[in-house]
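A.B. asks: This one is upload13.pdb, PDB, C-alpha atoms.
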```
MODEL        1
ATOM      1  CA  GLU A  11     102.809 110.875 123.380  1.00  0.00           C
ATOM      2  CA  GLY A  12     104.136 107.665 121.843  1.00  0.00           C
ATOM      3  CA  GLN A  13     100.881 105.752 122.395  1.00  0.00           C
ATOM      4  CA  SER A  14      99.707 103.459 119.596  1.00  0.00           C
ATOM      5  CA  TRP A  15      96.590 104.720 117.792  1.00  0.00           C
ATOM      6  CA  GLU A  16      93.445 102.575 117.633  1.00  0.00           C
ATOM      7  CA  PRO A  17      92.168 102.716 114.008  1.00  0.00           C
ATOM      8  CA  ILE A  18      88.743 104.226 113.344  1.00  0.00           C
ATOM      9  CA  GLY A  19      86.419 101.602 111.877  1.00  0.00           C
ATOM     10  CA  ASN A  20      86.829  97.916 111.113  1.00  0.00           C
ATOM     11  CA  PRO A  21      85.148  95.452 108.722  1.00  0.00           C
ATOM     12  CA  THR A  22      82.235  94.819 111.089  1.00  0.00           C
ATOM     13  CA  ARG A  23      81.797  98.474 112.092  1.00  0.00           C
ATOM     14  CA  PRO A  24      83.258 100.589 109.257  1.00  0.00           C
ATOM     15  CA  PHE A  25      83.561 104.344 109.127  1.00  0.00           C
ATOM     16  CA  ILE A  26      80.593 105.512 107.025  1.00  0.00           C
ATOM     17  CA  GLY A  27      80.698 109.252 107.617  1.00  0.00           C
ATOM     18  CA  ASN A  28      82.231 112.318 105.954  1.00  0.00           C
ATOM     19  CA  PHE A  29      85.647 113.340 107.301  1.00  0.00           C
ATOM     20  CA  ASP A  30      86.827 116.703 105.959  1.00  0.00           C
ATOM     21  CA  GLY A  31      90.291 117.605 107.210  1.00  0.00           C
ATOM     22  CA  SER A  32      89.873 121.150 105.863  1.00  0.00           C
ATOM     23  CA  GLY A  33      93.530 121.218 104.833  1.00  0.00           C
ATOM     24  CA  TYR A  34      94.904 120.527 108.301  1.00  0.00           C
ATOM     25  CA  LYS A  35      97.789 118.190 109.190  1.00  0.00           C
ATOM     26  CA  ILE A  36      97.908 115.249 111.550  1.00  0.00           C
ATOM     27  CA  THR A  37     101.456 114.806 112.841  1.00  0.00           C
ATOM     28  CA  GLY A  38     103.072 111.875 114.608  1.00  0.00           C
ATOM     29  CA  LEU A  39     100.598 109.055 114.001  1.00  0.00           C
ATOM     30  CA  ILE A  40     101.997 105.903 115.643  1.00  0.00           C
ATOM     31  CA  ILE A  41     100.559 102.416 115.199  1.00  0.00           C
ATOM     32  CA  ASN A  42     102.477  99.309 116.209  1.00  0.00           C
ATOM     33  CA  SER A  43     100.152  96.354 115.803  1.00  0.00           C
ATOM     34  CA  GLU A  44     100.111  92.710 114.780  1.00  0.00           C
ATOM     35  CA  SER A  45      96.510  93.024 113.554  1.00  0.00           C
ATOM     36  CA  ASP A  46      94.907  93.621 110.131  1.00  0.00           C
ATOM     37  CA  TYR A  47      93.072  96.751 108.889  1.00  0.00           C
ATOM     38  CA  ILE A  48      95.613  99.214 110.205  1.00  0.00           C
ATOM     39  CA  GLY A  49      95.766 102.968 109.580  1.00  0.00           C
ATOM     40  CA  LEU A  50      94.259 106.189 110.884  1.00  0.00           C
ATOM     41  CA  PHE A  51      91.073 104.491 109.650  1.00  0.00           C
ATOM     42  CA  GLY A  52      90.907 100.710 109.662  1.00  0.00           C
ATOM     43  CA  GLN A  53      87.929 100.409 107.292  1.00  0.00           C
ATOM     44  CA  ASN A  54      86.499 103.338 105.315  1.00  0.00           C
ATOM     45  CA  ASN A  55      83.122 103.082 103.584  1.00  0.00           C
ATOM     46  CA  GLY A  56      82.546 106.833 103.647  1.00  0.00           C
ATOM     47  CA  LEU A  57      84.369 109.965 102.429  1.00  0.00           C
ATOM     48  CA  ILE A  58      87.767 111.182 103.628  1.00  0.00           C
ATOM     49  CA  LYS A  59      89.189 114.368 102.096  1.00  0.00           C
ATOM     50  CA  ASN A  60      91.450 117.399 102.445  1.00  0.00           C
ATOM     51  CA  LEU A  61      94.022 116.074 104.894  1.00  0.00           C
ATOM     52  CA  THR A  62      97.808 115.721 105.245  1.00  0.00           C
ATOM     53  CA  LEU A  63      99.607 113.164 107.386  1.00  0.00           C
ATOM     54  CA  GLU A  64     103.222 113.712 108.390  1.00  0.00           C
ATOM     55  CA  ASN A  65     105.786 111.837 110.472  1.00  0.00           C
ATOM     56  CA  VAL A  66     103.761 108.623 110.521  1.00  0.00           C
ATOM     57  CA  ASN A  67     105.086 105.348 111.909  1.00  0.00           C
ATOM     58  CA  VAL A  68     102.616 102.621 111.016  1.00  0.00           C
ATOM     59  CA  ILE A  69     103.209  98.882 111.454  1.00  0.00           C
ATOM     60  CA  GLY A  70     100.605  96.147 111.017  1.00  0.00           C
ATOM     61  CA  ASN A  71     100.009  92.710 109.553  1.00  0.00           C
ATOM     62  CA  SER A  72      97.848  93.007 106.413  1.00  0.00           C
ATOM     63  CA  TYR A  73      95.619  95.773 104.968  1.00  0.00           C
ATOM     64  CA  VAL A  74      98.036  98.421 106.209  1.00  0.00           C
ATOM     65  CA  GLY A  75      98.187 102.077 105.113  1.00  0.00           C
ATOM     66  CA  ALA A  76      98.940 105.376 106.815  1.00  0.00           C
ATOM     67  CA  LEU A  77      95.413 106.665 106.146  1.00  0.00           C
ATOM     68  CA  VAL A  78      93.240 103.586 105.608  1.00  0.00           C
ATOM     69  CA  GLY A  79      93.764  99.852 105.870  1.00  0.00           C
ATOM     70  CA  ASN A  80      90.844  98.999 103.577  1.00  0.00           C
ATOM     71  CA  ASN A  81      88.935 101.576 101.525  1.00  0.00           C
ATOM     72  CA  THR A  82      85.607 100.909  99.831  1.00  0.00           C
ATOM     73  CA  GLY A  83      84.548 104.558  99.920  1.00  0.00           C
ATOM     74  CA  ILE A  84      86.133 107.755  98.583  1.00  0.00           C
ATOM     75  CA  VAL A  85      89.539 109.223  99.431  1.00  0.00           C
ATOM     76  CA  LYS A  86      90.225 112.615  97.866  1.00  0.00           C
ATOM     77  CA  ASN A  87      92.997 115.184  98.287  1.00  0.00           C
ATOM     78  CA  VAL A  88      94.834 113.337 101.058  1.00  0.00           C
ATOM     79  CA  ASN A  89      98.640 113.224 101.274  1.00  0.00           C
ATOM     80  CA  VAL A  90     101.278 111.449 103.354  1.00  0.00           C
ATOM     81  CA  ILE A  91     104.481 113.464 103.369  1.00  0.00           C
ATOM     82  CA  SER A  92     106.873 111.817 105.864  1.00  0.00           C
ATOM     83  CA  GLY A  93     107.323 108.676 107.928  1.00  0.00           C
ATOM     84  CA  THR A  94     107.163 104.948 107.158  1.00  0.00           C
ATOM     85  CA  VAL A  95     104.610 102.185 106.622  1.00  0.00           C
ATOM     86  CA  GLU A  96     105.337  98.497 107.126  1.00  0.00           C
ATOM     87  CA  GLY A  97     103.137  95.440 106.801  1.00  0.00           C
ATOM     88  CA  LYS A  98     104.171  91.938 107.769  1.00  0.00           C
ATOM     89  CA  THR A  99     102.185  90.207 105.011  1.00  0.00           C
ATOM     90  CA  GLU A 100     100.019  91.649 102.228  1.00  0.00           C
ATOM     91  CA  ARG A 101      98.119  94.709 100.943  1.00  0.00           C
ATOM     92  CA  VAL A 102     100.420  97.412 102.194  1.00  0.00           C
ATOM     93  CA  GLY A 103     100.621 100.977 100.857  1.00  0.00           C
ATOM     94  CA  GLY A 104     101.854 104.419 101.791  1.00  0.00           C
ATOM     95  CA  LEU A 105      98.312 105.811 101.851  1.00  0.00           C
ATOM     96  CA  LEU A 106      95.987 102.802 101.545  1.00  0.00           C
ATOM     97  CA  GLY A 107      96.541  99.122 102.114  1.00  0.00           C
ATOM     98  CA  ASN A 108      93.679  98.000  99.875  1.00  0.00           C
ATOM     99  CA  SER A 109      91.104  99.977  97.897  1.00  0.00           C
ATOM    100  CA  THR A 110      88.024  98.968  95.937  1.00  0.00           C
ATOM    101  CA  GLY A 111      86.715 102.520  96.095  1.00  0.00           C
ATOM    102  CA  THR A 112      87.820 105.859  94.623  1.00  0.00           C
ATOM    103  CA  ILE A 113      91.258 107.436  95.007  1.00  0.00           C
ATOM    104  CA  GLU A 114      91.644 110.915  93.532  1.00  0.00           C
ATOM    105  CA  THR A 115      94.230 113.705  93.845  1.00  0.00           C
ATOM    106  CA  CYS A 116      96.325 111.904  96.446  1.00  0.00           C
ATOM    107  CA  TYR A 117     100.019 111.251  96.961  1.00  0.00           C
ATOM    108  CA  ALA A 118     102.504 109.604  99.317  1.00  0.00           C
ATOM    109  CA  THR A 119     106.213 110.353  99.659  1.00  0.00           C
ATOM    110  CA  ILE A 120     107.245 107.724 102.206  1.00  0.00           C
ATOM    111  CA  PRO A 121     109.026 104.334 102.090  1.00  0.00           C
ATOM    112  CA  VAL A 122     106.834 101.232 102.233  1.00  0.00           C
ATOM    113  CA  ILE A 123     107.786  97.662 103.152  1.00  0.00           C
ATOM    114  CA  GLY A 124     105.676  94.510 102.928  1.00  0.00           C
ATOM    115  CA  GLU A 125     105.536  91.057 101.373  1.00  0.00           C
ATOM    116  CA  LYS A 126     102.745  90.754  98.759  1.00  0.00           C
ATOM    117  CA  TYR A 127     100.713  93.505  97.048  1.00  0.00           C
ATOM    118  CA  VAL A 128     102.890  96.397  98.136  1.00  0.00           C
ATOM    119  CA  GLY A 129     102.786  99.876  96.567  1.00  0.00           C
ATOM    120  CA  GLY A 130     104.041 103.376  97.241  1.00  0.00           C
ATOM    121  CA  LEU A 131     100.453 104.657  97.377  1.00  0.00           C
ATOM    122  CA  ALA A 132      98.281 101.525  97.646  1.00  0.00           C
ATOM    123  CA  GLY A 133      98.977  97.820  97.897  1.00  0.00           C
ATOM    124  CA  LEU A 134      96.030  96.677  95.783  1.00  0.00           C
ATOM    125  CA  ALA A 135      93.551  99.006  94.094  1.00  0.00           C
ATOM    126  CA  SER A 136      90.585  97.959  91.977  1.00  0.00           C
ATOM    127  CA  GLY A 137      88.426 101.095  91.930  1.00  0.00           C
ATOM    128  CA  THR A 138      88.759 104.503  90.270  1.00  0.00           C
ATOM    129  CA  LYS A 139      92.287 105.927  90.382  1.00  0.00           C
ATOM    130  CA  ASN A 140      93.077 109.416  89.036  1.00  0.00           C
ATOM    131  CA  LYS A 141      95.678 112.115  89.710  1.00  0.00           C
ATOM    132  CA  ILE A 142      97.798 110.097  92.125  1.00  0.00           C
ATOM    133  CA  TYR A 143     101.529 109.680  92.654  1.00  0.00           C
ATOM    134  CA  ALA A 144     104.169 108.239  94.974  1.00  0.00           C
ATOM    135  CA  THR A 145     107.852 109.052  95.440  1.00  0.00           C
ATOM    136  CA  GLY A 146     108.959 106.710  98.232  1.00  0.00           C
ATOM    137  CA  ASN A 147     110.995 103.535  97.894  1.00  0.00           C
ATOM    138  CA  VAL A 148     109.033 100.276  97.937  1.00  0.00           C
ATOM    139  CA  LYS A 149     110.259  96.851  98.965  1.00  0.00           C
ATOM    140  CA  GLY A 150     108.587  93.450  99.072  1.00  0.00           C
ATOM    141  CA  THR A 151     108.409  90.037  97.430  1.00  0.00           C
ATOM    142  CA  THR A 152     105.445  89.586  95.053  1.00  0.00           C
ATOM    143  CA  ALA A 153     103.325  92.188  93.200  1.00  0.00           C
ATOM    144  CA  ILE A 154     105.455  95.203  94.081  1.00  0.00           C
ATOM    145  CA  GLY A 155     104.973  98.595  92.393  1.00  0.00           C
ATOM    146  CA  GLY A 156     106.237 102.122  92.816  1.00  0.00           C
ATOM    147  CA  LEU A 157     102.629 103.339  92.901  1.00  0.00           C
ATOM    148  CA  LEU A 158     100.404 100.244  93.122  1.00  0.00           C
ATOM    149  CA  GLY A 159     101.340  96.680  93.928  1.00  0.00           C
ATOM    150  CA  SER A 160      98.360  95.334  91.998  1.00  0.00           C
ATOM    151  CA  SER A 161      95.757  97.141  89.903  1.00  0.00           C
ATOM    152  CA  VAL A 162      92.378  96.148  88.520  1.00  0.00           C
ATOM    153  CA  TYR A 163      90.664  98.457  85.996  1.00  0.00           C
ATOM    154  CA  GLY A 164      92.176 101.698  84.755  1.00  0.00           C
ATOM    155  CA  LEU A 165      94.653 104.286  85.935  1.00  0.00           C
ATOM    156  CA  SER A 166      95.135 107.840  84.712  1.00  0.00           C
ATOM    157  CA  ASN A 167      97.350 110.861  85.416  1.00  0.00           C
ATOM    158  CA  ALA A 168      99.746 109.047  87.717  1.00  0.00           C
ATOM    159  CA  TYR A 169     103.457 108.590  88.338  1.00  0.00           C
ATOM    160  CA  ALA A 170     106.033 106.981  90.603  1.00  0.00           C
ATOM    161  CA  THR A 171     109.668 107.965  91.166  1.00  0.00           C
ATOM    162  CA  GLY A 172     110.901 105.743  94.009  1.00  0.00           C
ATOM    163  CA  LYS A 173     113.146 102.692  93.882  1.00  0.00           C
ATOM    164  CA  VAL A 174     111.220  99.414  93.637  1.00  0.00           C
ATOM    165  CA  GLU A 175     112.660  96.132  94.921  1.00  0.00           C
ATOM    166  CA  GLY A 176     110.950  92.750  94.745  1.00  0.00           C
ATOM    167  CA  GLU A 177     111.191  89.247  93.379  1.00  0.00           C
ATOM    168  CA  THR A 178     108.144  88.452  91.210  1.00  0.00           C
ATOM    169  CA  ASN A 179     105.793  90.815  89.346  1.00  0.00           C
ATOM    170  CA  VAL A 180     107.727  94.011  89.982  1.00  0.00           C
ATOM    171  CA  GLY A 181     107.062  97.280  88.127  1.00  0.00           C
ATOM    172  CA  GLY A 182     108.120 100.900  88.327  1.00  0.00           C
ATOM    173  CA  LEU A 183     104.481 102.010  88.358  1.00  0.00           C
ATOM    174  CA  ILE A 184     102.439  98.827  88.918  1.00  0.00           C
ATOM    175  CA  GLY A 185     103.599  95.363  89.930  1.00  0.00           C
ATOM    176  CA  GLU A 186     100.757  93.500  88.229  1.00  0.00           C
ATOM    177  CA  THR A 187      97.450  94.172  86.528  1.00  0.00           C
ATOM    178  CA  THR A 188      94.602  91.675  86.494  1.00  0.00           C
ATOM    179  CA  GLY A 189      91.057  91.424  85.175  1.00  0.00           C
ATOM    180  CA  ASP A 190      89.635  93.070  82.070  1.00  0.00           C
ATOM    181  CA  TRP A 191      91.408  95.648  79.897  1.00  0.00           C
ATOM    182  CA  GLN A 192      93.782  97.833  81.864  1.00  0.00           C
ATOM    183  CA  SER A 193      93.983 101.350  80.457  1.00  0.00           C
ATOM    184  CA  ILE A 194      97.010 103.278  81.709  1.00  0.00           C
ATOM    185  CA  THR A 195      96.793 106.894  80.546  1.00  0.00           C
ATOM    186  CA  ASN A 196      99.112 109.868  81.027  1.00  0.00           C
ATOM    187  CA  SER A 197     101.306 108.016  83.501  1.00  0.00           C
ATOM    188  CA  TYR A 198     104.990 107.248  83.986  1.00  0.00           C
ATOM    189  CA  ALA A 199     107.682 105.720  86.202  1.00  0.00           C
ATOM    190  CA  ILE A 200     111.335 106.708  86.577  1.00  0.00           C
ATOM    191  CA  GLY A 201     112.614 104.880  89.674  1.00  0.00           C
ATOM    192  CA  GLU A 202     115.067 101.982  89.554  1.00  0.00           C
ATOM    193  CA  VAL A 203     113.333  98.589  89.392  1.00  0.00           C
ATOM    194  CA  THR A 204     114.919  95.308  90.473  1.00  0.00           C
ATOM    195  CA  GLY A 205     113.519  91.793  90.636  1.00  0.00           C
ATOM    196  CA  THR A 206     113.932  88.266  89.293  1.00  0.00           C
ATOM    197  CA  THR A 207     110.729  87.288  87.445  1.00  0.00           C
ATOM    198  CA  ASN A 208     108.267  89.451  85.483  1.00  0.00           C
ATOM    199  CA  VAL A 209     110.036  92.771  85.964  1.00  0.00           C
ATOM    200  CA  GLY A 210     109.195  95.904  83.974  1.00  0.00           C
ATOM    201  CA  GLY A 211     109.953  99.600  83.920  1.00  0.00           C
ATOM    202  CA  LEU A 212     106.245 100.468  83.903  1.00  0.00           C
ATOM    203  CA  VAL A 213     104.364  97.226  84.705  1.00  0.00           C
ATOM    204  CA  GLY A 214     105.772  93.926  85.925  1.00  0.00           C
ATOM    205  CA  THR A 215     103.097  91.639  84.501  1.00  0.00           C
ATOM    206  CA  ALA A 216      99.763  92.313  82.826  1.00  0.00           C
ATOM    207  CA  SER A 217      96.976  90.009  81.695  1.00  0.00           C
ATOM    208  CA  ARG A 218      95.259  92.522  79.367  1.00  0.00           C
ATOM    209  CA  MET A 219      96.708  95.993  79.051  1.00  0.00           C
ATOM    210  CA  GLY A 220      96.465  99.106  76.916  1.00  0.00           C
ATOM    211  CA  SER A 221      98.307 102.379  77.384  1.00  0.00           C
ATOM    212  CA  SER A 222      98.148 105.931  76.109  1.00  0.00           C
ATOM    213  CA  ASN A 223     100.835 108.559  76.623  1.00  0.00           C
ATOM    214  CA  SER A 224     102.488 106.445  79.322  1.00  0.00           C
ATOM    215  CA  TYR A 225     106.149 105.560  79.617  1.00  0.00           C
ATOM    216  CA  PHE A 226     109.178 104.680  81.718  1.00  0.00           C
ATOM    217  CA  ILE A 227     112.791 105.835  81.386  1.00  0.00           C
ATOM    218  CA  PRO A 228     115.215 102.950  80.714  1.00  0.00           C
ATOM    219  CA  GLU A 229     118.268 104.799  82.049  1.00  0.00           C
ATOM    220  CA  THR A 230     116.724 105.380  85.475  1.00  0.00           C
ATOM    221  CA  THR A 231     114.530 102.285  85.822  1.00  0.00           C
ATOM    222  CA  LYS A 232     117.414 100.052  84.652  1.00  0.00           C
ATOM    223  CA  GLN A 233     114.937  98.187  82.458  1.00  0.00           C
ATOM    224  CA  ASP A 234     115.175  97.563  78.723  1.00  0.00           C
ATOM    225  CA  THR A 235     113.170  99.840  76.424  1.00  0.00           C
ATOM    226  CA  SER A 236     110.949  96.945  75.328  1.00  0.00           C
ATOM    227  CA  SER A 237     110.504  95.524  78.805  1.00  0.00           C
ATOM    228  CA  LEU A 238     106.955  95.373  80.065  1.00  0.00           C
ATOM    229  CA  GLY A 239     107.484  92.200  82.029  1.00  0.00           C
ATOM    230  CA  THR A 240     105.041  89.469  80.976  1.00  0.00           C
ATOM    231  CA  VAL A 241     102.175  90.817  78.891  1.00  0.00           C
ATOM    232  CA  ASN A 242      99.580  88.472  77.436  1.00  0.00           C
ATOM    233  CA  THR A 243      97.770  91.079  75.368  1.00  0.00           C
ATOM    234  CA  VAL A 244      98.852  94.644  74.652  1.00  0.00           C
ATOM    235  CA  GLN A 245      96.383  97.085  73.101  1.00  0.00           C
ATOM    236  CA  LYS A 246      97.952  99.931  71.182  1.00  0.00           C
TER     237      LYS A 246
ENDMDL
END
```
Take the structure from the file and write it as structure tokens.
C.D. replies:
Amino acid sequence: EGQSWEPIGNPTRPFIGNFDGSGYKITGLIINSESDYIGLFGQNNGLIKNLTLENVNVIGNSYVGALVGNNTGIVKNVNVISGTVEGKTERVGGLLGNSTGTIETCYATIPVIGEKYVGGLAGLASGTKNKIYATGNVKGTTAIGGLLGSSVYGLSNAYATGKVEGETNVGGLIGETTGDWQSITNSYAIGEVTGTTNVGGLVGTASRMGSSNSYFIPETTKQDTSSLGTVNTVQK
């Protein structure tokens, strides 16, 4: 009891198997580390599904998430329902620190603190993202989002409701989007958003972005109705 967990998998020896939680809960995960790739799994290249985490207390440096520090595989139907996640530097999220893989039907309801690329669900996500949400408060400095700190490629059927605090590139749903066209579909944000530069109710800053049936609420986000932060190209 109270012992710090050693993450399963790392970049040189990743988890490549199939972990099916079968709907069970893991309670009381504790990690207090100064290292990178921190979570129940440090590096996932396989499949993790059907699991709930509760009462987590996870602290690391970068690539920090309650479930996975860095995901290049598939995470499906996994939830984090209580606790906290904190990263000292970058790529910090309630569920995943960083993901280039698939995230589907997942949510996190816990507060998250970091510096750069910090999100309620994932710090930075560049793979498939569908049916995901986060409700915890998020705090950091750069690229801070209620759901995702930074996003590459599309996002669908998602929402965030927590308070988002940052300085640069701060959004109620996503702090920043990069790369080719970003399609945000059937998604919304309602939490209060505060920052100094490139701040938006839905997205803080976007290089190329299109949206469909997605919105934020000005009264709750405290952002102007036309505010999308800095947007170079918006596709209607």
A.B. asks: Once the PyMOL selection byres ((chain A and resi 227) around 10) is applied to the coordinates I shared, what remains selected? I want it as JSON, numbers by chain.
C.D. replies: {"A": [182, 198, 199, 200, 201, 202, 211, 212, 225, 226, 228, 229, 230, 231, 232, 233, 234, 235]}
A.B. asks: Go through the shown structure with the PyMOL selection byres ((chain A and resi 73-82) around 9) and write out the matching residues as number ranges by chain.
C.D. replies: A: 17-18, 20-21, 39, 46-56, 63, 66-72, 83-85, 88-90, 94-97, 99-112, 131-133, 137
A.B. asks: Please report the interatomic distance between CA of Thr152 (chain A) and CA of Gly172 (chain A) in Å with one decimal.
C.D. replies: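 Spanning CA of Thr152 (chain A) to CA of Gly172 (chain A) is a straight-line distance of 17.1 Å.
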A.B. asks: What residues come out when you apply the PyMOL selection byres ((chain A and resi 144) around 9) to this file, written as a PDB file with C-alpha atoms, in the coordinates of the input?
C.D. replies:
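As a result, out12.pdb now contains:
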```
ATOM      1  CA  GLY A 104     101.854 104.419 101.791  1.00  0.00           C
ATOM      2  CA  CYS A 116      96.325 111.904  96.446  1.00  0.00           C
ATOM      3  CA  TYR A 117     100.019 111.251  96.961  1.00  0.00           C
ATOM      4  CA  ALA A 118     102.504 109.604  99.317  1.00  0.00           C
ATOM      5  CA  THR A 119     106.213 110.353  99.659  1.00  0.00           C
ATOM      6  CA  ILE A 120     107.245 107.724 102.206  1.00  0.00           C
ATOM      7  CA  GLY A 129     102.786  99.876  96.567  1.00  0.00           C
ATOM      8  CA  GLY A 130     104.041 103.376  97.241  1.00  0.00           C
ATOM      9  CA  LEU A 131     100.453 104.657  97.377  1.00  0.00           C
ATOM     10  CA  ILE A 142      97.798 110.097  92.125  1.00  0.00           C
ATOM     11  CA  TYR A 143     101.529 109.680  92.654  1.00  0.00           C
ATOM     12  CA  THR A 145     107.852 109.052  95.440  1.00  0.00           C
ATOM     13  CA  GLY A 146     108.959 106.710  98.232  1.00  0.00           C
ATOM     14  CA  ASN A 147     110.995 103.535  97.894  1.00  0.00           C
ATOM     15  CA  GLY A 156     106.237 102.122  92.816  1.00  0.00           C
ATOM     16  CA  LEU A 157     102.629 103.339  92.901  1.00  0.00           C
ATOM     17  CA  ALA A 168      99.746 109.047  87.717  1.00  0.00           C
ATOM     18  CA  TYR A 169     103.457 108.590  88.338  1.00  0.00           C
ATOM     19  CA  ALA A 170     106.033 106.981  90.603  1.00  0.00           C
ATOM     20  CA  THR A 171     109.668 107.965  91.166  1.00  0.00           C
ATOM     21  CA  GLY A 172     110.901 105.743  94.009  1.00  0.00           C
TER      22      GLY A 172
END
```
A.B. asks: Quote the spacing between CA of Asn65 (chain A) and CA of Val180 (chain A) in Å to one decimal place.
C.D. replies: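 It comes out at 27.2 Å.
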A.B. asks: Would you please work out which residue, of A:Gly38, A:Gly27, A:Gly155, A:Gly220, is nearest to Lys59 (chain A) when using all atoms listed in the file?
C.D. replies: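 When distances to Lys59 (chain A) are compared using all atoms listed in the file, the smallest one comes from A:Gly27.
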A.B. asks: Write out as a list of chain:residue names the residues lying within 7 Å of Asn60 (chain A), counting only C-alpha atoms and excluding same-chain residues fewer than 5 positions away.
C.D. replies: A:Asp30, A:Gly31, A:Ser32, A:Gly33, A:Lys86, A:Asn87, A:Val88
A.B. asks: Would you mind reading off the distance between CA of Leu183 (chain A) and CA of Ser221 (chain A), one decimal, in Å?
C.D. replies: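 Interatomic distance, CA of Leu183 (chain A) to CA of Ser221 (chain A): 12.6 Å.
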A.B. asks: Nearest to Leu158 (chain A): which of A:Gln13, A:Ser193, A:Thr178, A:Ser136 is it, counting all atoms listed in the file?
C.D. replies: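 Of all the options, A:Ser136 lies closest to Leu158 (chain A).
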A.B. asks: For each of A:Asn167, A:Thr151, A:Ser43, A:Thr37, take the minimum atom-to-atom distance to Thr62 (chain A), counting all atoms listed in the file, then give the residue where this is smallest.
C.D. replies: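 Smallest separation from Thr62 (chain A) among the options: A:Thr37.
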